[in-house]
Amino acid sequence: MSAPLVLSENMNLVMALVLGVFFGFFLERGGLGNPHKLSGVFYLTDFAVPKAMFTAILVAATGLCLLSDLKLLDMSRVWIIPTFFWPQLAGGALFGLGFLVSGYCPGTAVAGLASGRLDALVTMIGVGAGSLLFAALYPWIEPFYMTSDMGHVTLPQLTGMNHWAVVAVVFVLAGTMFYLMEWYERRGAGPVAGKIDGRSAISSDTVELRDSL
């Protein structure tokens, strides 16, 4: 039998609940329910978000390719979101703006709300209001929404490269990014390196200078 497994509707709901609880728990434990930590990447003070995202991408991509090659996963049964290039580019820009303003994405807002953060509640209200506004405006924006339809395309299909070659390129890019982020964090970004829970975190260089006076 090859994955994805066919489960009953009730079992699907149970699995979704269990996986969602664990996902939210690890988000919060990793500090990704904290808006100061989440928005730190925009101010070059905290790179936890891109590190977590690229780690997840690398693990998922490697697992999917390996399981597919071992005939344990039937990729034809895995639903891939269709690509609408320009609408999704515009949506990504809007998403990033909302992320910057609120300090949350929808998933981390739920984790923040579960830990009692009122700003996460405001963000969730904004997500709901934005969804309703999109639904109301959809008849007018549908022509743009449906443009540049590329279908269910993947990077190996788009580039004509072997899937392991694409994974290798992603590993190189991610490794380079990790190295640069670690270098920048060690170097420091001035006397104030960032903020933790809204409080200024002073860099080690500043502490050493203060102690030497």
# chains A, B, ... in the order shown; residues from 1 in each chain; ligands from 1
>>> closest_atom_pairs(of="range 100-209 of chain A", to="range 78-94 of chain A", cutoff="6 Å", atoms="only C-alpha atoms", output="Markdown table")
| residue | atom | partner | partner_atom | distance |
| --- | --- | --- | --- | --- |
| A:Tyr145 | CA | A:Pro87 | CA | 5.4 |
| A:Ser148 | CA | A:Phe84 | CA | 5.2 |
| A:Asp149 | CA | A:Phe84 | CA | 4.5 |
| A:Met150 | CA | A:Thr83 | CA | 5.2 |
| A:Gly151 | CA | A:Pro82 | CA | 4.8 |
| A:His152 | CA | A:Pro82 | CA | 4.5 |
>>> write_last_selection(atoms="N, CA, C and O atoms", output="tab-separated table (two decimals), in the first residue's frame")
chain	number	residue	atom	x	y	z
A	145	TYR	N	-7.67	37.43	-10.70
A	145	TYR	CA	-7.44	36.25	-9.88
A	145	TYR	C	-7.14	35.01	-10.73
A	145	TYR	O	-6.38	34.15	-10.32
A	148	SER	N	-2.63	34.19	-15.51
A	148	SER	CA	-1.34	33.47	-15.45
A	148	SER	C	-1.48	32.10	-14.80
A	148	SER	O	-0.69	31.73	-13.94
A	149	ASP	N	-2.48	31.34	-15.25
A	149	ASP	CA	-2.71	29.98	-14.74
A	149	ASP	C	-1.63	29.05	-15.29
A	149	ASP	O	-1.55	28.83	-16.50
A	150	MET	N	-0.80	28.51	-14.40
A	150	MET	CA	0.27	27.60	-14.79
A	150	MET	C	-0.07	26.15	-14.44
A	150	MET	O	0.74	25.25	-14.68
A	151	GLY	N	-1.23	25.94	-13.83
A	151	GLY	CA	-1.64	24.59	-13.49
A	151	GLY	C	-0.93	24.05	-12.26
A	151	GLY	O	-0.33	24.79	-11.48
A	152	HIS	N	-0.97	22.72	-12.10
A	152	HIS	CA	-0.35	22.06	-10.95
A	152	HIS	C	1.13	21.80	-11.26
A	152	HIS	O	1.54	20.67	-11.51
>>> select_by_dssp(residues="chain A", states="helix (DSSP H, G or I)", output="VMD selection string")
chain A and resid 9 to 29 35 to 43 48 to 69 75 to 77 85 to 102 106 to 114 118 to 145 155 to 159 163 to 187 204 to 212
>>> closest_residue(among="A:Met177, A:Ala60, A:Val122, A:Ala165", to="Tyr104 in chain A", atoms="only C-alpha atoms")
A:Val122
>>> residues_around(residues="Arg117 in chain A", least_positions_apart="5", cutoff="12 Å", atoms="only C-alpha atoms", output="PyMOL selection string")
chain A and resi 28+33-35+103-104+108-112+122-124+197
>>> write_last_selection(atoms="C-alpha atoms", output="mmCIF file, in the first residue's frame")
data_model
loop_
_atom_site.group_PDB
_atom_site.id
_atom_site.type_symbol
_atom_site.label_atom_id
_atom_site.label_comp_id
_atom_site.auth_asym_id
_atom_site.auth_seq_id
_atom_site.Cartn_x
_atom_site.Cartn_y
_atom_site.Cartn_z
ATOM 1 C CA GLU A 28 4.660 28.204 20.785
ATOM 2 C CA GLY A 33 3.767 32.602 18.892
ATOM 3 C CA ASN A 34 5.640 35.761 19.895
ATOM 4 C CA PRO A 35 5.073 38.674 17.460
ATOM 5 C CA GLY A 103 3.588 40.423 13.741
ATOM 6 C CA TYR A 104 1.630 37.259 12.958
ATOM 7 C CA THR A 108 1.049 31.710 14.470
ATOM 8 C CA ALA A 109 -1.858 34.020 15.369
ATOM 9 C CA VAL A 110 -3.849 30.959 16.465
ATOM 10 C CA ALA A 111 -0.886 29.787 18.568
ATOM 11 C CA GLY A 112 -0.538 33.278 20.063
ATOM 12 C CA VAL A 122 -7.012 41.368 16.912
ATOM 13 C CA THR A 123 -5.039 39.687 14.111
ATOM 14 C CA MET A 124 -7.561 36.836 13.882
ATOM 15 C CA ASP A 197 9.263 40.146 24.373
#
>>> atom_distance(atom1="CA of Trp183 in chain A", atom2="CA of Tyr43 in chain A")
15.9 Å
>>> closest_residue(among="A:Ala48, A:Val166, A:Val127, A:Leu13", to="Gly30 in chain A", atoms="only C-alpha atoms")
A:Ala48
>>> closest_residue(among="A:His163, A:Lys71, A:Arg187, A:Lys51", to="Gly175 in chain A", atoms="only C-alpha atoms")
A:Lys51
>>> select_by_dssp(residues="chain A", states="strand (DSSP E or B)", output="PDB file with N, CA, C and O atoms, in the first residue's frame")
ATOM      1  N   ALA A   3       1.184   5.550   0.355  1.00  0.00           N
ATOM      2  CA  ALA A   3       0.536   6.735   0.904  1.00  0.00           C
ATOM      3  C   ALA A   3       0.143   7.671  -0.240  1.00  0.00           C
ATOM      4  O   ALA A   3       0.692   7.571  -1.334  1.00  0.00           O
ATOM      5  N   LEU A  73       5.063   6.413  -1.574  1.00  0.00           N
ATOM      6  CA  LEU A  73       4.181   7.558  -1.705  1.00  0.00           C
ATOM      7  C   LEU A  73       3.831   7.744  -3.182  1.00  0.00           C
ATOM      8  O   LEU A  73       4.716   7.839  -4.032  1.00  0.00           O
ATOM      9  N   THR A  83      -0.866  26.964  -9.638  1.00  0.00           N
ATOM     10  CA  THR A  83      -0.072  28.189  -9.642  1.00  0.00           C
ATOM     11  C   THR A  83      -0.720  29.239 -10.537  1.00  0.00           C
ATOM     12  O   THR A  83      -0.922  29.008 -11.733  1.00  0.00           O
ATOM     13  N   PHE A  84      -1.050  30.365  -9.938  1.00  0.00           N
ATOM     14  CA  PHE A  84      -1.486  31.560 -10.659  1.00  0.00           C
ATOM     15  C   PHE A  84      -0.457  32.632 -10.333  1.00  0.00           C
ATOM     16  O   PHE A  84      -0.549  33.283  -9.291  1.00  0.00           O
ATOM     17  N   ASP A 149      -2.480  31.337 -15.246  1.00  0.00           N
ATOM     18  CA  ASP A 149      -2.707  29.985 -14.739  1.00  0.00           C
ATOM     19  C   ASP A 149      -1.633  29.047 -15.289  1.00  0.00           C
ATOM     20  O   ASP A 149      -1.546  28.825 -16.496  1.00  0.00           O
ATOM     21  N   MET A 150      -0.797  28.510 -14.395  1.00  0.00           N
ATOM     22  CA  MET A 150       0.268  27.596 -14.789  1.00  0.00           C
ATOM     23  C   MET A 150      -0.066  26.153 -14.441  1.00  0.00           C
ATOM     24  O   MET A 150       0.742  25.249 -14.681  1.00  0.00           O
ATOM     25  N   GLY A 151      -1.234  25.940 -13.833  1.00  0.00           N
ATOM     26  CA  GLY A 151      -1.639  24.588 -13.487  1.00  0.00           C
ATOM     27  C   GLY A 151      -0.929  24.050 -12.259  1.00  0.00           C
ATOM     28  O   GLY A 151      -0.331  24.795 -11.477  1.00  0.00           O
ATOM     29  N   VAL A 192      22.191  47.763  19.859  1.00  0.00           N
ATOM     30  CA  VAL A 192      20.994  47.031  20.243  1.00  0.00           C
ATOM     31  C   VAL A 192      20.782  45.930  19.211  1.00  0.00           C
ATOM     32  O   VAL A 192      20.493  46.190  18.056  1.00  0.00           O
ATOM     33  N   ALA A 193      20.946  44.681  19.633  1.00  0.00           N
ATOM     34  CA  ALA A 193      20.883  43.564  18.702  1.00  0.00           C
ATOM     35  C   ALA A 193      19.463  43.186  18.343  1.00  0.00           C
ATOM     36  O   ALA A 193      19.209  42.594  17.318  1.00  0.00           O
ATOM     37  N   GLY A 194      18.525  43.512  19.189  1.00  0.00           N
ATOM     38  CA  GLY A 194      17.147  43.143  18.880  1.00  0.00           C
ATOM     39  C   GLY A 194      16.264  43.319  20.078  1.00  0.00           C
ATOM     40  O   GLY A 194      16.624  44.008  21.031  1.00  0.00           O
ATOM     41  N   LYS A 195      15.108  42.681  20.044  1.00  0.00           N
ATOM     42  CA  LYS A 195      14.158  42.771  21.130  1.00  0.00           C
ATOM     43  C   LYS A 195      13.624  41.389  21.448  1.00  0.00           C
ATOM     44  O   LYS A 195      13.414  40.580  20.565  1.00  0.00           O
ATOM     45  N   ILE A 196      13.446  41.148  22.732  1.00  0.00           N
ATOM     46  CA  ILE A 196      12.862  39.895  23.190  1.00  0.00           C
ATOM     47  C   ILE A 196      11.680  40.244  24.064  1.00  0.00           C
ATOM     48  O   ILE A 196      11.828  40.921  25.086  1.00  0.00           O
ATOM     49  N   ARG A 199      11.406  43.907  24.935  1.00  0.00           N
ATOM     50  CA  ARG A 199      12.471  44.582  25.655  1.00  0.00           C
ATOM     51  C   ARG A 199      13.749  44.528  24.839  1.00  0.00           C
ATOM     52  O   ARG A 199      14.035  43.546  24.180  1.00  0.00           O
ATOM     53  N   SER A 200      14.544  45.573  24.934  1.00  0.00           N
ATOM     54  CA  SER A 200      15.768  45.632  24.160  1.00  0.00           C
ATOM     55  C   SER A 200      16.750  44.584  24.651  1.00  0.00           C
ATOM     56  O   SER A 200      16.926  44.378  25.853  1.00  0.00           O
ATOM     57  N   ALA A 201      17.382  43.890  23.702  1.00  0.00           N
ATOM     58  CA  ALA A 201      18.410  42.904  24.032  1.00  0.00           C
ATOM     59  C   ALA A 201      19.753  43.494  23.619  1.00  0.00           C
ATOM     60  O   ALA A 201      20.014  43.704  22.442  1.00  0.00           O
ATOM     61  N   ILE A 202      20.627  43.785  24.582  1.00  0.00           N
ATOM     62  CA  ILE A 202      21.894  44.438  24.312  1.00  0.00           C
ATOM     63  C   ILE A 202      22.905  43.408  23.822  1.00  0.00           C
ATOM     64  O   ILE A 202      22.989  42.300  24.344  1.00  0.00           O
TER      65      ILE A 202
END
>>> closest_residue(among="A:Val101, A:Met11, A:Met146, A:Val172", to="Gly40 in chain A", atoms="only C-alpha atoms")
A:Val101
>>> atom_distance(atom1="CA of His36 in chain A", atom2="CA of Gly24 in chain A")
17.4 Å
>>> atom_distance(atom1="CA of Leu180 in chain A", atom2="CA of Met161 in chain A")
26.8 Å
>>> residues_around(residues="Leu173 in chain A", least_positions_apart="4", cutoff="12 Å", atoms="only C-alpha atoms", output="PyMOL selection string")
chain A and resi 54-55+57-58+166-169+177-180
